[in-house]
Every structure is written in C-alpha cells, then in structure tokens.
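**Q** So here's input.tsv (TSV, C-alpha atoms).
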```
chain	number	residue	atom	x	y	z
A	194	MET	CA	118.82	124.81	143.40
A	195	THR	CA	116.49	125.42	146.33
A	196	MET	CA	112.94	124.17	146.70
A	197	THR	CA	111.71	127.76	146.23
A	198	SER	CA	113.21	128.06	142.75
A	199	THR	CA	110.73	128.80	140.00
A	200	TYR	CA	110.66	128.94	136.24
A	201	THR	CA	108.77	131.72	134.48
A	202	LEU	CA	106.51	130.30	131.79
A	203	THR	CA	105.12	132.73	129.23
A	204	LEU	CA	102.34	131.66	126.87
A	205	GLY	CA	101.16	134.53	124.73
A	206	PRO	CA	99.94	137.20	127.15
A	207	LEU	CA	99.98	134.85	130.15
A	208	THR	CA	102.78	134.34	132.66
A	209	ARG	CA	103.00	131.64	135.33
A	210	GLN	CA	105.65	130.93	137.96
A	211	LEU	CA	106.25	127.16	137.98
A	212	PRO	CA	107.95	125.59	140.99
A	213	ILE	CA	111.04	123.57	140.13
A	214	ILE	CA	110.66	120.13	141.67
A	215	PRO	CA	113.35	117.40	141.85
A	216	ILE	CA	112.14	114.12	140.36
A	217	SER	CA	115.39	112.20	140.78
A	218	ALA	CA	118.84	112.68	142.28
A	219	ASP	CA	120.05	114.41	139.11
A	220	LEU	CA	116.95	115.97	137.49
A	221	ALA	CA	114.26	118.52	138.31
A	222	ILE	CA	111.25	119.71	136.33
A	223	ALA	CA	109.16	122.86	136.29
A	224	SER	CA	105.85	121.61	137.68
A	225	PHE	CA	103.10	122.63	135.26
A	226	VAL	CA	99.61	121.92	136.62
A	227	LEU	CA	96.82	122.87	134.25
A	228	LEU	CA	94.03	121.72	136.55
A	229	GLY	CA	92.17	124.72	137.95
A	230	ASP	CA	93.77	127.27	135.61
A	231	ALA	CA	90.79	128.19	133.44
A	232	GLU	CA	92.49	131.23	131.92
A	233	LEU	CA	95.51	129.27	130.70
A	234	THR	CA	93.34	126.35	129.56
A	235	ASP	CA	91.18	128.66	127.44
A	236	TYR	CA	94.19	130.46	125.95
A	237	ALA	CA	96.06	127.21	125.17
A	238	ALA	CA	93.02	125.54	123.63
A	239	SER	CA	92.39	128.54	121.37
A	240	ALA	CA	96.03	128.56	120.24
A	241	LEU	CA	96.21	124.77	119.76
A	242	ALA	CA	92.95	124.63	117.83
A	243	HIS	CA	94.75	126.44	115.00
A	244	LYS	CA	97.56	123.85	114.99
A	245	MET	CA	95.32	120.78	114.76
A	246	PRO	CA	94.55	118.79	111.62
A	247	ALA	CA	91.41	119.95	109.83
A	248	HIS	CA	89.87	116.49	109.64
A	249	PHE	CA	89.51	114.31	112.72
A	250	ASP	CA	86.70	112.55	114.55
A	251	TYR	CA	87.75	112.36	118.21
A	252	LEU	CA	90.12	113.89	120.69
A	253	ILE	CA	91.87	111.48	123.05
A	254	THR	CA	93.54	112.55	126.29
A	255	MET	CA	95.14	110.92	129.30
A	256	GLU	CA	93.85	111.24	132.84
A	257	SER	CA	93.97	113.72	134.45
A	258	LYS	CA	95.72	116.97	133.57
A	259	GLY	CA	94.83	116.80	129.88
A	260	ILE	CA	91.09	116.63	130.59
A	261	PRO	CA	90.32	120.36	130.83
A	262	LEU	CA	92.33	121.00	127.66
A	263	ALA	CA	90.50	118.27	125.75
A	264	GLN	CA	87.18	119.61	127.04
A	265	GLU	CA	87.88	123.11	125.72
A	266	LEU	CA	89.35	121.83	122.45
A	267	SER	CA	86.21	119.72	121.96
A	268	ARG	CA	84.07	122.81	122.39
A	269	LEU	CA	86.21	124.92	120.06
A	270	THR	CA	86.34	122.25	117.34
A	271	ASN	CA	82.65	121.33	117.60
A	272	ARG	CA	83.22	117.78	118.78
A	273	ALA	CA	80.43	116.50	121.03
A	274	GLN	CA	82.63	113.99	122.84
A	275	PHE	CA	86.24	113.20	123.66
A	276	VAL	CA	87.80	110.06	125.11
A	277	VAL	CA	89.80	109.85	128.34
A	278	LEU	CA	92.41	107.14	128.79
A	279	ARG	CA	92.33	106.23	132.47
A	280	LYS	CA	95.22	105.40	134.81
A	281	SER	CA	93.30	102.64	136.54
A	282	GLN	CA	90.67	100.15	135.51
A	283	LYS	CA	87.19	101.23	136.59
A	284	ASP	CA	84.32	98.90	137.52
A	285	TYR	CA	82.11	100.43	134.84
A	286	MET	CA	84.50	99.56	132.03
A	287	ARG	CA	83.48	96.86	129.59
A	288	ASP	CA	86.30	94.80	128.06
A	289	PRO	CA	88.93	97.52	128.55
A	290	LEU	CA	92.15	97.63	126.59
A	291	SER	CA	95.31	98.23	128.59
A	292	VAL	CA	98.98	99.02	127.95
A	293	PRO	CA	101.88	99.75	130.32
A	294	VAL	CA	103.18	103.31	130.49
A	295	ASN	CA	106.38	104.84	131.81
A	296	ALA	CA	106.34	108.59	132.25
A	297	ILE	CA	108.95	110.99	133.58
A	298	THR	CA	106.70	112.19	136.41
A	299	THR	CA	105.78	108.77	137.81
A	300	SER	CA	108.23	106.56	139.64
A	301	ALA	CA	106.16	103.36	139.64
A	302	PRO	CA	105.05	101.48	136.52
A	303	GLN	CA	101.51	102.36	135.46
A	304	HIS	CA	98.95	101.29	132.91
A	305	LEU	CA	96.59	103.23	130.68
A	306	PHE	CA	93.10	101.85	130.12
A	307	LEU	CA	90.61	102.43	127.32
A	308	ASP	CA	87.04	101.41	128.02
A	309	GLY	CA	85.86	98.85	125.46
A	310	LEU	CA	82.82	101.01	124.63
A	311	ASP	CA	85.13	103.94	123.85
A	312	ALA	CA	87.31	101.59	121.80
A	313	GLN	CA	84.25	100.69	119.72
A	314	SER	CA	83.41	104.38	119.25
A	315	ILE	CA	86.85	105.28	117.91
A	316	ALA	CA	87.36	102.17	115.73
A	317	HIS	CA	88.12	103.21	112.14
A	318	LYS	CA	88.10	106.89	113.16
A	319	ARG	CA	90.74	109.63	112.95
A	320	VAL	CA	91.88	110.87	116.34
A	321	VAL	CA	94.06	113.62	117.78
A	322	ILE	CA	95.91	112.90	121.02
A	323	VAL	CA	95.90	115.83	123.46
A	324	ASP	CA	98.18	116.27	126.48
A	325	ASP	CA	99.29	119.10	128.71
A	326	VAL	CA	103.04	118.32	128.56
A	327	ILE	CA	104.99	115.90	126.40
A	328	SER	CA	108.37	115.01	127.87
A	329	SER	CA	109.85	111.53	127.55
A	330	GLY	CA	106.99	110.49	125.27
A	331	GLY	CA	106.02	107.50	127.41
A	332	SER	CA	102.38	108.51	127.84
A	333	LEU	CA	102.14	109.45	124.19
A	334	ARG	CA	103.54	106.06	123.10
A	335	ALA	CA	101.06	104.24	125.34
A	336	ALA	CA	98.16	106.34	124.04
A	337	ASN	CA	99.18	105.62	120.45
A	338	GLU	CA	99.32	101.91	121.21
A	339	LEU	CA	95.83	101.90	122.76
A	340	VAL	CA	94.37	103.89	119.88
A	341	GLN	CA	95.92	101.48	117.37
A	342	GLN	CA	94.60	98.47	119.34
A	343	ALA	CA	91.14	100.04	119.04
A	344	GLY	CA	91.55	100.31	115.27
A	345	ALA	CA	91.72	104.11	115.10
A	346	THR	CA	94.27	106.24	113.26
A	347	VAL	CA	96.24	108.98	114.98
A	348	VAL	CA	96.23	112.02	112.69
A	349	GLY	CA	97.68	114.52	115.15
A	350	GLN	CA	99.32	114.99	118.54
A	351	VAL	CA	99.13	118.29	120.41
A	352	ALA	CA	100.30	119.59	123.77
A	353	ILE	CA	100.69	122.89	125.50
A	354	LEU	CA	104.34	122.25	126.34
A	355	ALA	CA	107.17	120.11	124.99
A	356	GLU	CA	109.67	119.39	127.76
A	357	GLY	CA	113.35	118.73	127.20
A	358	ASP	CA	114.14	116.79	124.02
A	359	ALA	CA	110.44	116.52	123.16
A	360	ALA	CA	110.76	120.05	121.74
A	361	LYS	CA	112.91	118.56	118.93
A	362	ARG	CA	110.16	116.16	117.84
A	363	THR	CA	108.55	116.75	114.46
A	364	ASP	CA	105.46	114.61	115.11
A	365	ILE	CA	103.85	116.89	117.72
A	366	GLU	CA	102.42	120.39	117.75
A	367	PHE	CA	102.98	122.47	120.89
A	368	LEU	CA	102.88	126.06	122.08
A	369	ALA	CA	106.12	126.41	124.07
A	370	GLU	CA	109.24	124.62	125.20
A	371	LEU	CA	109.78	123.71	128.84
A	372	PRO	CA	113.37	123.07	129.93
A	373	LEU	CA	114.57	120.28	132.21
A	374	PHE	CA	116.83	121.23	135.11
A	375	PRO	CA	119.90	119.06	135.80
A	376	LEU	CA	120.81	118.97	139.49
```
Please render this file's structure as structure tokens.

**A**
Amino acid sequence: MTMTSTYTLTLGPLTRQLPIIPISADLAIASFVLLGDAELTDYAASALAHKMPAHFDYLITMESKGIPLAQELSRLTNRAQFVVLRKSQKDYMRDPLSVPVNAITTSAPQHLFLDGLDAQSIAHKRVVIVDDVISSGGSLRAANELVQQAGATVVGQVAILAEGDAAKRTDIEFLAELPLFPL
C-alpha cells in the first residue's frame, strides 16, 4: 500500500477520499478529519439526531474532532450547551476530574479531563457521548468513566463512523463502517 492510497467514504449523498495512513508496522487507517468539513458535519449531525435517545440533558464530546459535531447536534436538538472533555488540564479548570485514555490514533498515553464546573453541571443528568469515529473504544471508555465519576448517566453513544470491530458493537449508534487496513 502506497502513501497515496485512499479510501472512498460515502455518507448519504456525500463522498470523501480519505488518505490511508500507517499507524503501526502492521496497521493503517483511513484518516477521517471532520474539522473544517462543514458540509459533512451538517449532514452527519442531521442523520445522527434521528438516532439519538429522545430524552437527554447534555451532549459530551472529546477534544477536538468531535467538537463541530457536538455543536451542530446541540443546535439540532435544542440544547443550549454541550461539554468538551479536554486532552490536557487547563489553568481555568476548577477541581478537574481525570482518567487515562488509550486510543488507536495516539501512540503515547494520554488523559481526558473534565472541568469540575462541568462535572457539577452534568451531575445527576442524562448524557449522550458524541464522537467522530469510534475504533478501539478507548476514548469512549474514558469518557464513560469521567461521566460516571461526575454522577451522570450515559443514555446514548453516537459517532459518524465505527472503525474495525467497533461496527459490531450494539451499544453505539453510527452512520457508516470504516475498515482497518492490515499492512
């Protein structure tokens, strides 16, 4: 497989050519970057809005590629705010909660952080976790752990794409499958 190889992603009427990028000696992924793609964000949010639970209080997403999707889903579902789990602790955070996260697209261990003020806002609330791609489930597991630490209940998990074995999961809603590419 050469570095110029691409995967054709079709979502409804939209088509994107995704570059296939090696992430290890024996595995490559189709690199899906939602940031900056307003057309795909709008389409995906509209389609996902119909797959979400009817009753929830907050959307939760992980920094950074899930942010535009959560923004549009918030607008479509009439939610005034959504919560972003950050990949680093920020000076403005008050008593943040933190959990380690291992994701397929990051080689070094990371943490997710939830600002303590956001944790107070979501306590005893029903939340839906939003992501662009679910693959190994590492980010999703970490998000669930943070939400539970804050005292909220996860009532749904949605993503645009389910990569590899994630497409077999029954606890997520998604729009399309994204294959992995053995090298």

**Q** Have a look at CA of Asp219 in chain A and CA of Ala359 in chain A and let me know their distance in Å, one decimal.

**A**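 Taking CA of Asp219 in chain A and CA of Ala359 in chain A, their separation equals 18.7 Å.
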
**Q** So, counting only C-alpha atoms, which residue among A:Ala301, A:Ile213, A:Ile253, A:Leu376 is closest to Asn337 in chain A?

**A**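 Once distances to Asn337 in chain A are computed over only C-alpha atoms, the minimum belongs to A:Ile253.
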
**Q** Nearest to Gly357 in chain A among A:Pro375, A:Pro293, A:Pro302, A:Gly344, with distances taken over all atoms listed in the file: which residue is it?

**A**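 Using all atoms listed in the file, Gly357 in chain A sits closest to A:Pro375.
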
**Q** Take the point (108.3, 126.6, 138.7) in the file's coordinates, draw a sphere of radius 8 Å around it, and report as JSON, numbers by chain every protein, DNA or RNA residue with an atom inside or on it, counting all atoms listed in the file.

**A** {"A": [198, 199, 200, 201, 210, 211, 212, 213, 214, 222, 223, 224, 225]}

**Q** Of the candidates A:Val321, A:Val277, A:Leu252, A:Leu241, which one gets nearest to Leu354 in chain A if we count only C-alpha atoms?

**A**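 Of the candidates, the smallest distance to Leu354 in chain A is held by A:Leu241.
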
**Q** What separation in Å, quoted to one decimal, exists between CA of Arg319 in chain A and CA of Gln350 in chain A?

**A**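 Straight-line distance from CA of Arg319 in chain A to CA of Gln350 in chain A works out to 11.6 Å.
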
**Q** Using all atoms listed in the file for the distances, tell me which of A:Thr346, A:Ser217, A:Ser328, A:Gln341 is nearest to Arg362 in chain A.

**A**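 Smallest separation from Arg362 in chain A among the options: A:Ser328.
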
**Q** Residues at most 9 Å from Ile365 in chain A, counting only C-alpha atoms, excluding those fewer than 6 positions away in the same chain, as a compact mmCIF listing (two decimals) with C-alpha atoms, keeping the file's coordinate frame?

**A**
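Result written to out.txt:
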```
# COMPACT_ATOMS: atom_id res chain seq x y z
CA ILE A 327 104.99 115.90 126.40
CA GLY A 349 97.68 114.52 115.15
CA GLN A 350 99.32 114.99 118.54
CA VAL A 351 99.13 118.29 120.41
CA ALA A 352 100.30 119.59 123.77
CA ALA A 355 107.17 120.11 124.99
CA ALA A 359 110.44 116.52 123.16
```

**Q** One decimal, in Å: what's the spacing between CA of Asp324 in chain A and CA of Leu227 in chain A?

**A**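 Result for CA of Asp324 in chain A versus CA of Leu227 in chain A: 10.3 Å, one decimal.
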
**Q** Quick one: of A:Asn295, A:Thr254, A:Thr363, A:Ser239, who's nearest to Arg268 in chain A, counting all atoms listed in the file?

**A**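 Among the listed residues, the smallest separation from Arg268 in chain A belongs to A:Ser239.
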
**Q** Looking at all atoms listed in the file, which of A:Ala221, A:Ala343, A:Ala240, A:Leu262 is the one that sits closest to Pro206 in chain A?

**A**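 Closest candidate: A:Ala240.
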
**Q** Mind listing whatever residues come within 8 Å of the point (94.3, 101.7, 122.4)? Use only C-alpha atoms, file coordinates, and give them as a list of chain:residue names.

**A** A:Leu290, A:Ser291, A:Val292, A:Phe306, A:Leu307, A:Ala312, A:Ala335, A:Ala336, A:Asn337, A:Glu338, A:Leu339, A:Val340, A:Gln341, A:Gln342, A:Ala343, A:Gly344

**Q** Produce a file of the selected residues containing C-alpha atoms, as an mmCIF file, in the coordinates of the input.

**A**
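Contents of the output file out-v7.cif:
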```cif
data_model
loop_
_atom_site.group_PDB
_atom_site.id
_atom_site.type_symbol
_atom_site.label_atom_id
_atom_site.label_comp_id
_atom_site.auth_asym_id
_atom_site.auth_seq_id
_atom_site.Cartn_x
_atom_site.Cartn_y
_atom_site.Cartn_z
ATOM 1 C CA LEU A 290 92.150 97.630 126.590
ATOM 2 C CA SER A 291 95.310 98.230 128.590
ATOM 3 C CA VAL A 292 98.980 99.020 127.950
ATOM 4 C CA PHE A 306 93.100 101.850 130.120
ATOM 5 C CA LEU A 307 90.610 102.430 127.320
ATOM 6 C CA ALA A 312 87.310 101.590 121.800
ATOM 7 C CA ALA A 335 101.060 104.240 125.340
ATOM 8 C CA ALA A 336 98.160 106.340 124.040
ATOM 9 C CA ASN A 337 99.180 105.620 120.450
ATOM 10 C CA GLU A 338 99.320 101.910 121.210
ATOM 11 C CA LEU A 339 95.830 101.900 122.760
ATOM 12 C CA VAL A 340 94.370 103.890 119.880
ATOM 13 C CA GLN A 341 95.920 101.480 117.370
ATOM 14 C CA GLN A 342 94.600 98.470 119.340
ATOM 15 C CA ALA A 343 91.140 100.040 119.040
ATOM 16 C CA GLY A 344 91.550 100.310 115.270
#
```
